[in-house]
file data33.tsv (TSV, C-alpha atoms)
chain	number	residue	atom	x	y	z
W	1	MET	CA	-49.78	-43.34	-146.15
W	2	ARG	CA	-49.12	-45.80	-143.34
W	3	PHE	CA	-50.27	-48.84	-145.34
W	4	LEU	CA	-47.18	-50.96	-146.27
W	5	GLU	CA	-44.95	-48.43	-144.48
W	6	ARG	CA	-43.15	-51.02	-142.32
W	7	GLU	CA	-42.70	-53.36	-145.25
W	8	ARG	CA	-41.23	-50.72	-147.55
W	9	THR	CA	-39.02	-49.36	-144.78
W	10	THR	CA	-37.63	-52.85	-144.18
W	11	LEU	CA	-37.06	-53.36	-147.91
W	12	ALA	CA	-35.26	-50.01	-148.17
W	13	LYS	CA	-33.03	-50.91	-145.20
W	14	LEU	CA	-31.99	-54.33	-146.50
W	15	LEU	CA	-32.11	-53.87	-150.28
W	16	PRO	CA	-31.68	-50.14	-150.89
W	17	ASP	CA	-33.11	-48.66	-154.08
W	18	LEU	CA	-35.01	-51.82	-155.10
W	19	ASP	CA	-38.45	-50.48	-154.23
W	20	ALA	CA	-37.79	-47.18	-155.99
W	21	ALA	CA	-36.54	-49.00	-159.08
W	22	LEU	CA	-39.56	-51.30	-159.19
W	23	ARG	CA	-41.91	-48.36	-158.70
W	24	GLU	CA	-40.58	-46.72	-161.87
W	25	ILE	CA	-41.51	-49.72	-164.06
W	26	PRO	CA	-45.13	-50.38	-165.08
W	27	LEU	CA	-46.64	-53.42	-163.37
W	28	MET	CA	-47.40	-55.30	-166.57
W	29	GLU	CA	-43.81	-54.88	-167.75
W	30	LEU	CA	-42.60	-56.41	-164.49
W	31	GLU	CA	-45.06	-59.27	-164.92
W	32	ARG	CA	-44.22	-60.27	-168.49
W	33	PRO	CA	-41.69	-62.90	-169.61
W	34	GLY	CA	-38.25	-61.34	-169.63
W	35	SER	CA	-39.17	-59.00	-166.78
W	36	PRO	CA	-36.41	-56.62	-165.61
W	37	GLY	CA	-37.40	-57.33	-162.01
W	38	ILE	CA	-35.03	-60.24	-161.45
W	39	LYS	CA	-32.01	-58.21	-162.57
W	40	LEU	CA	-33.02	-55.40	-160.24
W	41	PHE	CA	-33.32	-57.93	-157.41
W	42	ARG	CA	-29.83	-59.25	-158.18
W	43	ASP	CA	-28.29	-55.78	-158.45
W	44	SER	CA	-29.79	-54.76	-155.10
W	45	GLY	CA	-28.11	-57.62	-153.24
W	46	GLY	CA	-31.29	-59.65	-152.93
W	47	PRO	CA	-29.66	-63.08	-153.30
W	48	GLY	CA	-27.92	-62.64	-149.94
W	49	LEU	CA	-31.04	-61.55	-148.03
W	50	LEU	CA	-31.12	-64.58	-145.69
W	51	VAL	CA	-27.34	-65.06	-145.47
W	52	PRO	CA	-25.85	-63.91	-142.12
W	53	GLU	CA	-23.85	-60.68	-142.24
W	54	SER	CA	-20.85	-62.65	-140.98
W	55	HIS	CA	-20.94	-64.51	-144.29
W	56	GLN	CA	-21.34	-61.43	-146.50
W	57	GLY	CA	-25.13	-61.47	-146.58
W	58	ARG	CA	-27.82	-59.01	-145.52
W	59	GLY	CA	-28.68	-60.87	-142.32
W	60	ALA	CA	-32.45	-60.58	-142.60
W	61	THR	CA	-34.57	-62.13	-139.88
W	62	ALA	CA	-37.65	-64.14	-140.78
W	63	LEU	CA	-39.80	-61.13	-139.88
W	64	ASP	CA	-37.66	-58.91	-142.09
W	65	ALA	CA	-37.89	-61.38	-144.96
W	66	LEU	CA	-41.67	-61.68	-144.64
W	67	ARG	CA	-42.02	-57.90	-144.84
W	68	VAL	CA	-39.60	-57.70	-147.76
W	69	GLN	CA	-41.57	-60.29	-149.72
W	70	ARG	CA	-44.83	-58.45	-149.08
W	71	ALA	CA	-43.30	-55.16	-150.21
W	72	ILE	CA	-41.91	-56.76	-153.37
W	73	GLY	CA	-45.19	-58.58	-154.03
W	74	ALA	CA	-47.02	-55.26	-153.96
W	75	ARG	CA	-44.79	-54.08	-156.83
W	76	SER	CA	-44.45	-57.34	-158.74
W	77	PRO	CA	-46.12	-60.60	-157.69
W	78	SER	CA	-43.96	-62.51	-160.17
W	79	LEU	CA	-40.75	-61.24	-158.61
W	80	ALA	CA	-41.93	-62.03	-155.08
W	81	VAL	CA	-43.01	-65.58	-155.95
W	82	GLY	CA	-39.86	-66.29	-157.98
W	83	THR	CA	-37.46	-64.96	-155.36
W	84	THR	CA	-39.23	-66.91	-152.62
W	85	MET	CA	-37.90	-70.03	-154.32
W	86	HIS	CA	-34.36	-68.61	-154.18
W	87	HIS	CA	-34.78	-67.83	-150.48
W	88	PHE	CA	-36.21	-71.31	-149.88
W	89	SER	CA	-33.02	-72.81	-151.36
W	90	MET	CA	-30.83	-70.44	-149.35
W	91	ALA	CA	-32.61	-71.23	-146.07
W	92	THR	CA	-32.03	-74.92	-146.77
W	93	LEU	CA	-28.35	-74.36	-147.57
W	94	VAL	CA	-27.89	-72.29	-144.43
W	95	GLY	CA	-29.46	-75.16	-142.49
W	96	LEU	CA	-27.03	-77.58	-144.14
W	97	GLY	CA	-24.21	-75.25	-143.18
W	98	ALA	CA	-25.04	-75.79	-139.53
W	99	LEU	CA	-24.69	-79.56	-140.08
W	100	GLY	CA	-21.60	-79.55	-142.28
W	101	ASP	CA	-17.85	-79.10	-142.05
W	102	GLY	CA	-17.47	-75.56	-143.40
W	103	MET	CA	-17.58	-76.14	-147.17
W	104	GLU	CA	-21.28	-75.20	-147.15
W	105	TRP	CA	-20.49	-71.76	-145.76
W	106	MET	CA	-17.88	-71.14	-148.43
W	107	LEU	CA	-20.50	-71.79	-151.09
W	108	ILE	CA	-23.10	-69.68	-149.27
W	109	GLU	CA	-20.64	-66.79	-149.01
W	110	GLY	CA	-19.97	-67.12	-152.73
W	111	VAL	CA	-23.68	-66.77	-153.47
W	112	ALA	CA	-24.02	-63.67	-151.30
W	113	ALA	CA	-20.80	-61.97	-152.39
W	114	SER	CA	-21.45	-62.49	-156.10
W	115	ASN	CA	-25.23	-62.03	-155.98
W	116	ARG	CA	-25.82	-65.41	-157.56
W	117	ILE	CA	-29.39	-66.53	-158.07
W	118	ILE	CA	-30.31	-70.07	-157.03
W	119	ALA	CA	-33.22	-71.97	-158.52
W	120	SER	CA	-34.80	-74.74	-156.48
W	121	GLY	CA	-34.80	-78.31	-157.72
W	122	PHE	CA	-36.07	-79.58	-154.37
W	123	ALA	CA	-39.35	-81.43	-154.03
W	124	GLU	CA	-41.00	-78.52	-152.15
W	125	GLY	CA	-43.28	-80.74	-150.11
W	126	ARG	CA	-44.21	-83.10	-152.95
W	127	SER	CA	-46.83	-85.63	-151.91
W	128	GLY	CA	-45.32	-88.50	-149.97
W	129	SER	CA	-41.83	-87.01	-149.73
W	130	GLY	CA	-39.76	-84.45	-147.90
W	131	ILE	CA	-38.14	-81.45	-149.52
W	132	LEU	CA	-34.77	-83.17	-149.81
W	133	GLU	CA	-35.99	-86.53	-151.05
W	134	PRO	CA	-34.48	-86.97	-154.51
W	135	THR	CA	-36.40	-86.12	-157.63
W	136	MET	CA	-33.35	-86.79	-159.83
W	137	THR	CA	-30.99	-89.73	-160.28
W	138	ALA	CA	-27.23	-89.59	-159.72
W	139	GLU	CA	-24.24	-91.73	-160.64
W	140	VAL	CA	-20.91	-91.18	-158.92
W	141	THR	CA	-17.88	-91.17	-161.24
W	142	GLY	CA	-14.21	-90.43	-160.78
W	143	ASP	CA	-14.82	-86.80	-161.79
W	144	GLY	CA	-17.88	-86.12	-159.67
W	145	VAL	CA	-21.52	-87.11	-159.97
W	146	ARG	CA	-23.64	-87.33	-163.12
W	147	ILE	CA	-27.23	-86.24	-162.67
W	148	ASN	CA	-30.33	-86.89	-164.77
W	149	GLY	CA	-33.84	-85.59	-164.21
W	150	VAL	CA	-36.43	-82.90	-164.81
W	151	LYS	CA	-37.79	-80.08	-162.61
W	152	ARG	CA	-40.95	-78.30	-163.69
W	153	PRO	CA	-42.00	-75.72	-162.98
W	154	CYS	CA	-38.69	-74.27	-161.87
W	155	SER	CA	-38.87	-70.58	-160.98
W	156	LEU	CA	-35.99	-68.30	-162.01
W	157	ALA	CA	-35.04	-70.89	-164.65
W	158	LYS	CA	-33.74	-68.36	-167.17
W	159	SER	CA	-31.84	-66.14	-164.73
W	160	MET	CA	-30.43	-68.75	-162.36
W	161	ASP	CA	-26.71	-69.12	-161.79
W	162	VAL	CA	-27.09	-72.37	-159.85
W	163	LEU	CA	-29.72	-75.10	-159.53
W	164	THR	CA	-30.01	-77.00	-156.25
W	165	ALA	CA	-30.95	-80.67	-156.57
W	166	SER	CA	-31.24	-83.44	-154.01
W	167	VAL	CA	-29.73	-86.81	-154.94
W	168	LEU	CA	-28.81	-90.15	-153.40
W	169	VAL	CA	-25.12	-91.07	-153.55
W	170	PRO	CA	-23.01	-93.91	-152.06
W	171	ARG	CA	-21.64	-93.14	-148.63
W	172	GLU	CA	-17.91	-92.50	-148.50
W	173	ASP	CA	-17.51	-95.29	-145.94
W	174	GLY	CA	-19.19	-97.74	-148.32
W	175	GLN	CA	-22.12	-98.35	-145.97
W	176	GLY	CA	-25.12	-97.83	-148.24
W	177	GLU	CA	-26.31	-94.50	-149.61
W	178	GLU	CA	-26.85	-91.01	-148.23
W	179	LEU	CA	-28.71	-87.88	-149.23
W	180	ALA	CA	-26.75	-85.05	-150.79
W	181	VAL	CA	-27.49	-81.66	-152.28
W	182	ALA	CA	-25.85	-80.91	-155.63
W	183	LEU	CA	-25.20	-77.33	-156.69
W	184	VAL	CA	-25.44	-77.42	-160.47
W	185	PRO	CA	-24.00	-74.41	-162.35
W	186	ALA	CA	-26.49	-73.10	-164.91
W	187	GLU	CA	-23.89	-73.23	-167.68
W	188	SER	CA	-23.26	-76.96	-167.15
W	189	GLU	CA	-23.20	-79.07	-170.28
W	190	GLY	CA	-26.41	-81.08	-170.45
W	191	LEU	CA	-28.55	-78.58	-168.53
W	192	THR	CA	-31.30	-77.10	-170.67
W	193	VAL	CA	-34.21	-74.76	-170.05
W	194	SER	CA	-37.39	-75.14	-172.08
W	195	GLY	CA	-40.84	-73.60	-172.02
W	196	PHE	CA	-43.44	-74.79	-169.53
W	197	TRP	CA	-45.38	-71.83	-168.10
W	198	SER	CA	-48.11	-70.87	-170.58
W	199	SER	CA	-50.22	-68.61	-168.37
W	200	THR	CA	-49.84	-64.84	-168.55
W	201	PHE	CA	-50.18	-64.66	-164.76
W	202	LEU	CA	-46.90	-64.66	-162.80
W	203	ALA	CA	-45.06	-65.01	-166.11
W	204	GLY	CA	-42.22	-62.83	-164.81
W	205	ALA	CA	-41.20	-65.57	-162.33
W	206	GLU	CA	-39.56	-67.57	-165.16
W	207	SER	CA	-41.19	-70.83	-164.08
W	208	GLU	CA	-40.04	-73.11	-166.87
W	209	GLN	CA	-38.77	-76.68	-167.29
W	210	VAL	CA	-35.16	-77.50	-166.40
W	211	THR	CA	-33.79	-80.77	-167.76
W	212	LEU	CA	-30.52	-82.39	-166.66
W	213	THR	CA	-29.07	-84.95	-169.05
W	214	ASP	CA	-25.84	-86.58	-167.85
W	215	VAL	CA	-24.81	-83.34	-166.15
W	216	LEU	CA	-21.45	-83.70	-164.42
W	217	VAL	CA	-21.26	-81.93	-161.05
W	218	PRO	CA	-17.76	-81.69	-159.46
W	219	SER	CA	-17.35	-83.34	-156.07
W	220	GLU	CA	-16.75	-79.99	-154.36
W	221	LEU	CA	-20.27	-78.89	-155.35
W	222	LEU	CA	-21.86	-81.93	-153.73
W	223	LEU	CA	-22.95	-81.31	-150.13
W	224	ARG	CA	-23.30	-84.60	-148.30
W	225	THR	CA	-25.77	-84.73	-145.43
W	226	ALA	CA	-24.53	-87.94	-143.76
W	227	ALA	CA	-28.18	-89.06	-143.61
W	228	PRO	CA	-28.68	-92.66	-144.79
W	229	ALA	CA	-31.15	-93.41	-147.56
W	230	GLY	CA	-34.66	-93.71	-146.15
W	231	GLN	CA	-33.84	-91.57	-143.08
W	232	ARG	CA	-35.53	-88.20	-143.17
W	233	LEU	CA	-33.70	-85.05	-142.22
W	234	ASP	CA	-36.66	-84.12	-140.08
W	235	GLU	CA	-35.39	-80.90	-138.53
W	236	LEU	CA	-33.94	-79.47	-141.75
W	237	GLN	CA	-36.94	-80.40	-143.85
W	238	THR	CA	-39.39	-79.04	-141.31
W	239	ALA	CA	-37.48	-75.75	-141.07
W	240	GLY	CA	-37.38	-75.45	-144.86
W	241	LEU	CA	-41.12	-75.95	-145.14
W	242	VAL	CA	-41.78	-73.36	-142.41
W	243	TRP	CA	-39.68	-70.81	-144.30
W	244	PHE	CA	-41.49	-71.70	-147.54
W	245	GLN	CA	-44.96	-71.16	-146.05
W	246	VAL	CA	-44.01	-67.89	-144.37
W	247	LEU	CA	-42.34	-66.28	-147.38
W	248	MET	CA	-44.86	-67.48	-149.94
W	249	THR	CA	-47.69	-66.21	-147.74
W	250	GLY	CA	-46.00	-62.81	-147.61
W	251	SER	CA	-45.54	-62.74	-151.38
W	252	TYR	CA	-49.22	-63.29	-152.13
W	253	LEU	CA	-50.29	-60.92	-149.37
W	254	GLY	CA	-48.20	-58.38	-151.27
W	255	ALA	CA	-50.10	-59.00	-154.49
W	256	ALA	CA	-53.41	-58.53	-152.69
W	257	SER	CA	-52.03	-55.48	-150.90
W	258	ALA	CA	-51.39	-53.82	-154.26
W	259	LEU	CA	-55.14	-53.94	-154.87
W	260	VAL	CA	-55.96	-52.79	-151.35
W	261	GLU	CA	-53.56	-49.88	-151.70
W	262	ARG	CA	-55.42	-48.73	-154.81
W	263	VAL	CA	-58.66	-48.80	-152.81
W	264	LEU	CA	-57.18	-46.88	-149.88
W	265	LEU	CA	-55.89	-44.14	-152.19
W	266	ASN	CA	-59.29	-43.65	-153.80
W	267	ASP	CA	-61.18	-40.98	-151.83
W	268	ARG	CA	-64.37	-41.67	-153.78
W	269	ILE	CA	-64.71	-45.06	-152.08
W	270	PRO	CA	-66.62	-44.78	-148.77
W	271	GLU	CA	-64.37	-44.45	-145.75
W	272	HIS	CA	-65.93	-47.38	-143.90
W	273	GLU	CA	-65.22	-49.68	-146.87
W	274	ARG	CA	-61.60	-48.60	-147.04
W	275	VAL	CA	-61.05	-49.07	-143.33
W	276	ARG	CA	-62.74	-52.47	-143.35
W	277	LEU	CA	-60.48	-53.71	-146.14
W	278	PHE	CA	-57.41	-52.29	-144.40
W	279	VAL	CA	-58.27	-54.02	-141.11
W	280	GLU	CA	-58.76	-57.45	-142.66
W	281	THR	CA	-55.56	-57.23	-144.70
W	282	GLU	CA	-53.47	-56.17	-141.71
W	283	ALA	CA	-55.02	-58.89	-139.55
W	284	ALA	CA	-53.92	-61.49	-142.10
W	285	MET	CA	-50.39	-60.05	-142.11
W	286	ALA	CA	-50.29	-60.09	-138.31
W	287	THR	CA	-50.92	-63.84	-138.25
W	288	ALA	CA	-48.03	-64.40	-140.66
W	289	GLU	CA	-45.81	-62.17	-138.55
W	290	GLY	CA	-46.59	-64.39	-135.57
W	291	VAL	CA	-45.08	-67.39	-137.35
W	292	ALA	CA	-42.06	-65.33	-138.47
W	293	ARG	CA	-41.39	-64.24	-134.89
W	294	ARG	CA	-41.51	-67.89	-133.86
W	295	VAL	CA	-38.87	-68.70	-136.48
W	296	ASP	CA	-36.70	-65.87	-135.19
W	297	ALA	CA	-37.01	-67.30	-131.69
W	298	GLY	CA	-35.47	-70.52	-133.00
W	299	ASP	CA	-38.69	-72.52	-132.87
W	300	LEU	CA	-38.72	-74.46	-136.14
W	301	GLY	CA	-40.19	-77.75	-135.04
W	302	GLU	CA	-43.30	-79.69	-135.91
W	303	SER	CA	-45.59	-77.36	-133.99
W	304	ALA	CA	-44.21	-74.34	-135.86
W	305	LEU	CA	-44.82	-76.07	-139.19
W	306	ALA	CA	-48.39	-76.85	-138.19
W	307	GLN	CA	-48.94	-73.20	-137.27
W	308	ALA	CA	-47.32	-72.02	-140.52
W	309	LEU	CA	-49.77	-74.17	-142.46
W	310	TYR	CA	-52.77	-73.04	-140.38
W	311	VAL	CA	-51.82	-69.44	-141.02
W	312	ARG	CA	-51.20	-69.95	-144.71
W	313	TYR	CA	-54.62	-71.57	-145.22
W	314	GLY	CA	-56.23	-68.87	-143.08
W	315	VAL	CA	-54.61	-66.18	-145.24
W	316	GLN	CA	-55.91	-67.97	-148.33
W	317	ASP	CA	-59.42	-67.59	-146.92
W	318	ALA	CA	-58.78	-63.93	-146.09
W	319	LEU	CA	-57.55	-63.24	-149.62
W	320	ALA	CA	-60.67	-64.93	-151.00
W	321	ARG	CA	-62.66	-62.19	-149.25
W	322	ILE	CA	-60.27	-59.25	-149.64
W	323	VAL	CA	-59.47	-59.52	-153.34
W	324	PRO	CA	-63.01	-59.70	-154.80
W	325	ARG	CA	-64.11	-56.89	-152.48
W	326	ALA	CA	-61.20	-54.70	-153.58
W	327	VAL	CA	-62.00	-55.36	-157.25
W	328	GLU	CA	-65.66	-54.50	-156.66
W	329	LEU	CA	-64.81	-51.27	-154.84
W	330	LEU	CA	-62.38	-50.20	-157.57
W	331	GLY	CA	-65.23	-50.56	-160.04
W	332	GLY	CA	-65.72	-51.64	-163.60
W	333	LEU	CA	-63.91	-48.70	-165.19
W	334	ASN	CA	-60.62	-49.58	-163.48
W	335	PHE	CA	-61.07	-53.20	-164.51
W	336	MET	CA	-61.93	-52.39	-168.12
W	337	THR	CA	-59.31	-49.76	-168.82
W	338	SER	CA	-56.25	-51.57	-167.48
W	339	ASP	CA	-54.99	-55.13	-167.16
W	340	GLU	CA	-53.51	-54.38	-163.74
W	341	VAL	CA	-56.56	-54.96	-161.55
W	342	GLY	CA	-57.44	-58.26	-163.20
W	343	HIS	CA	-53.83	-59.40	-163.16
W	344	LEU	CA	-53.35	-58.67	-159.46
W	345	ALA	CA	-56.64	-60.35	-158.62
W	346	ALA	CA	-55.75	-63.51	-160.52
W	347	SER	CA	-52.19	-63.60	-159.20
W	348	SER	CA	-53.39	-63.31	-155.59
W	349	ASN	CA	-55.17	-66.64	-155.95
W	350	GLY	CA	-51.90	-68.48	-156.53
W	351	LEU	CA	-51.21	-69.13	-152.84
W	352	ALA	CA	-53.78	-71.94	-152.87
W	353	LEU	CA	-51.89	-73.72	-155.66
W	354	HIS	CA	-48.63	-74.32	-153.79
W	355	PRO	CA	-47.96	-77.61	-152.00
W	356	PRO	CA	-49.10	-78.93	-149.67
W	357	SER	CA	-52.71	-78.22	-150.63
W	358	ARG	CA	-55.29	-77.84	-147.89
W	359	ALA	CA	-57.34	-80.74	-149.27
W	360	ARG	CA	-54.39	-83.13	-149.05
W	361	MET	CA	-53.62	-82.00	-145.50
W	362	THR	CA	-57.09	-82.80	-144.15
W	363	GLY	CA	-56.17	-86.32	-143.06
W	364	PRO	CA	-52.74	-85.40	-141.65
W	365	PHE	CA	-54.23	-82.51	-139.67
W	366	SER	CA	-56.93	-84.78	-138.26
W	367	GLU	CA	-54.25	-87.22	-137.10
W	368	TYR	CA	-52.11	-84.38	-135.73
W	369	LEU	CA	-55.04	-83.13	-133.66
W	370	ALA	CA	-55.29	-86.67	-132.26
W	371	ASP	CA	-51.68	-86.41	-131.02
W	372	GLN	CA	-50.08	-88.17	-134.00
W	373	PRO	CA	-46.93	-86.80	-135.72
W	374	LEU	CA	-47.59	-84.26	-138.47
W	375	ALA	CA	-47.17	-85.75	-141.95
W	376	ILE	CA	-46.97	-83.73	-145.17
W	377	ALA	CA	-49.29	-85.26	-147.76

call {"tool": "encode", "arguments": {"input": "data33.tsv", "output": "structure tokens"}}
result
Amino acid sequence: MRFLERERTTLAKLLPDLDAALREIPLMELERPGSPGIKLFRDSGGPGLLVPESHQGRGATALDALRVQRAIGARSPSLAVGTTMHHFSMATLVGLGALGDGMEWMLIEGVAASNRIIASGFAEGRSGSGILEPTMTAEVTGDGVRINGVKRPCSLAKSMDVLTASVLVPREDGQGEELAVALVPAESEGLTVSGFWSSTFLAGAESEQVTLTDVLVPSELLLRTAAPAGQRLDELQTAGLVWFQVLMTGSYLGAASALVERVLLNDRIPEHERVRLFVETEAAMATAEGVARRVDAGDLGESALAQALYVRYGVQDALARIVPRAVELLGGLNFMTSDEVGHLAASSNGLALHPPSRARMTGPFSEYLADQPLAIA
């Protein structure tokens, strides 16, 4: 069947054998706590998806990555959502690499070559702040920097090799403070993971609480940005948020596509209903692909972020129509005899829960339409 053909072909090209491995495992096993999906992602080379081939990665474009996330989401929404957070961190580190002195690329290569999984301790568009504005405190010592703070929820918390965290540290020239990104090894003394996610939906994403208590991070794992305290890294933060919207949109489109695929394979459902559902789903994907192509063209500015948000909210609306219709067409017997339909339907609604919410962006969008700069609320 042609549905999801491009997405699965792209996944097979970049991460061979992952789709086949996921297909062999029942959905609800992939969605439970302790899911085998994250290990399969690691073993397939997934951590290096966005790392350039010249630095031992898979060299995926934004369009490639969007299609990969949709394909994975159709097999396991938890895995797609969780790995989006890894890719979000990697896109930010790659952006830092372009600003730095080479140390960043050494660390990025290490992630790709060793298939290390990175959990995100960034703010992720938290109200009133940018993605790199610190959520944790740091104290510089002779041995490195000691970090304290909490991140919850933190996807991939139990499988992570490294946690990224933004902190403020004194500038090396003594002139105030600057933003830095700390790469905190998961085995660091003082780093603990505790339960947070109580819902059965998306439980395979390992979204738990990570607490840092006087965690010492060596100086070589501290990436300084040379941006003074209070000065936003506008370009880097904007690019990170564009990547976040694109990949998270693809992940939830994948979850909804799993339901649509079940409808399309059911010959007892009227043809016109199947085609209608197919058309609306593919139209939503096409809008997301438009943003991804813009990223690949190097356009990652304010206008691209605005479009990424428009598209994400538009896809939310599309899913609000597609998912209930798919459930209705599949019928009560499918719903009653398996947890899969209900789980996919509930998981597909998660896109609306990620920051920034549409309600909080109403004012900023109104100002943006009146030729003001775009603010993230």

call {"tool": "atom_distance", "arguments": {"input": "data33.tsv", "atom1": "atom CA of Phe201 of chain W", "atom2": "atom CA of Leu27 of chain W"}}
result
11.9 Å

call {"tool": "atom_distance", "arguments": {"input": "data33.tsv", "atom1": "atom CA of Val260 of chain W", "atom2": "atom CA of His354 of chain W"}}
result
22.9 Å

call {"tool": "closest_residue", "arguments": {"input": "data33.tsv", "among": "W:Val246, W:Val323, W:Ala297, W:Leu374", "to": "Leu259 of chain W", "atoms": "only C-alpha atoms"}}
result
W:Val323

call {"tool": "atom_distance", "arguments": {"input": "data33.tsv", "atom1": "atom CA of Asn349 of chain W", "atom2": "atom CA of Ala308 of chain W"}}
result
18.1 Å

call {"tool": "residues_around", "arguments": {"input": "data33.tsv", "residues": "Asp19 of chain W", "least_positions_apart": "6", "cutoff": "10 Å", "atoms": "all atoms listed in the file", "output": "PDB file with C-alpha atoms, in the frame of the given file"}}
result
ATOM      1  CA  ARG W   8     -41.230 -50.720-147.550  1.00  0.00           C
ATOM      2  CA  THR W   9     -39.020 -49.360-144.780  1.00  0.00           C
ATOM      3  CA  LEU W  11     -37.060 -53.360-147.910  1.00  0.00           C
ATOM      4  CA  ALA W  12     -35.260 -50.010-148.170  1.00  0.00           C
ATOM      5  CA  LEU W  40     -33.020 -55.400-160.240  1.00  0.00           C
ATOM      6  CA  PHE W  41     -33.320 -57.930-157.410  1.00  0.00           C
ATOM      7  CA  SER W  44     -29.790 -54.760-155.100  1.00  0.00           C
ATOM      8  CA  VAL W  68     -39.600 -57.700-147.760  1.00  0.00           C
ATOM      9  CA  ALA W  71     -43.300 -55.160-150.210  1.00  0.00           C
ATOM     10  CA  ILE W  72     -41.910 -56.760-153.370  1.00  0.00           C
ATOM     11  CA  ALA W  74     -47.020 -55.260-153.960  1.00  0.00           C
ATOM     12  CA  ARG W  75     -44.790 -54.080-156.830  1.00  0.00           C
TER      13      ARG W  75
END

call {"tool": "residues_around", "arguments": {"input": "data33.tsv", "residues": "Val140 of chain W", "least_positions_apart": "4", "cutoff": "9 Å", "atoms": "only C-alpha atoms", "output": "PyMOL selection string"}}
result
chain W and resi 144-147+169-170

call {"tool": "axis_aligned_box", "arguments": {"input": "data33.tsv", "around": "segment 157-176 of chain W", "padding_each_side": "8 Å", "output": "lines of an AutoDock Vina configuration file"}}
result
center_x = -26.3
center_y = -82.2
center_z = -156.6
size_x = 33.5
size_y = 48.2
size_z = 37.2

call {"tool": "closest_residue", "arguments": {"input": "data33.tsv", "among": "W:Met103, W:Met28, W:Leu369, W:Ala258", "to": "Ala203 of chain W", "atoms": "only C-alpha atoms"}}
result
W:Met28

call {"tool": "residues_around", "arguments": {"input": "data33.tsv", "residues": "Leu79 of chain W", "least_positions_apart": "4", "cutoff": "12 Å", "atoms": "only C-alpha atoms", "output": "PyMOL selection string"}}
result
chain W and resi 18-19+22+27-42+46+68-75+83-86+155-156+159+201-207+248+251-252+254-255+347

call {"tool": "closest_residue", "arguments": {"input": "data33.tsv", "among": "W:Leu247, W:Thr200, W:Gly57, W:Arg2", "to": "Asp339 of chain W", "atoms": "all atoms listed in the file"}}
result
W:Thr200

call {"tool": "closest_residue", "arguments": {"input": "data33.tsv", "among": "W:Cys154, W:Leu50, W:Leu333, W:Ala283", "to": "Val81 of chain W", "atoms": "only C-alpha atoms"}}
result
W:Cys154

call {"tool": "residues_near_point", "arguments": {"input": "data33.tsv", "point": "(-60.2, -65.2, -150.9)", "cutoff": "12 Å", "atoms": "only C-alpha atoms", "output": "short mmCIF file (atom, residue, chain, number, x, y, z; two decimals) with C-alpha atoms, in the frame of the given file"}}
result
data_model
loop_
_atom_site.label_atom_id
_atom_site.label_comp_id
_atom_site.auth_asym_id
_atom_site.auth_seq_id
_atom_site.Cartn_x
_atom_site.Cartn_y
_atom_site.Cartn_z
CA TYR W 252 -49.22 -63.29 -152.13
CA LEU W 253 -50.29 -60.92 -149.37
CA ALA W 256 -53.41 -58.53 -152.69
CA GLU W 280 -58.76 -57.45 -142.66
CA THR W 281 -55.56 -57.23 -144.70
CA ALA W 284 -53.92 -61.49 -142.10
CA ARG W 312 -51.20 -69.95 -144.71
CA TYR W 313 -54.62 -71.57 -145.22
CA GLY W 314 -56.23 -68.87 -143.08
CA VAL W 315 -54.61 -66.18 -145.24
CA GLN W 316 -55.91 -67.97 -148.33
CA ASP W 317 -59.42 -67.59 -146.92
CA ALA W 318 -58.78 -63.93 -146.09
CA LEU W 319 -57.55 -63.24 -149.62
CA ALA W 320 -60.67 -64.93 -151.00
CA ARG W 321 -62.66 -62.19 -149.25
CA ILE W 322 -60.27 -59.25 -149.64
CA VAL W 323 -59.47 -59.52 -153.34
CA PRO W 324 -63.01 -59.70 -154.80
CA ARG W 325 -64.11 -56.89 -152.48
CA ALA W 326 -61.20 -54.70 -153.58
CA VAL W 327 -62.00 -55.36 -157.25
CA ALA W 345 -56.64 -60.35 -158.62
CA ALA W 346 -55.75 -63.51 -160.52
CA SER W 347 -52.19 -63.60 -159.20
CA SER W 348 -53.39 -63.31 -155.59
CA ASN W 349 -55.17 -66.64 -155.95
CA GLY W 350 -51.90 -68.48 -156.53
CA LEU W 351 -51.21 -69.13 -152.84
CA ALA W 352 -53.78 -71.94 -152.87
#

call {"tool": "closest_residue", "arguments": {"input": "data33.tsv", "among": "W:Trp105, W:Phe278, W:Phe335, W:Phe244", "to": "Pro356 of chain W", "atoms": "only C-alpha atoms"}}
result
W:Phe244

call {"tool": "closest_residue", "arguments": {"input": "data33.tsv", "among": "W:Asn148, W:Thr141, W:Gln56, W:Ser166", "to": "Ser120 of chain W", "atoms": "all atoms listed in the file"}}
result
W:Ser166
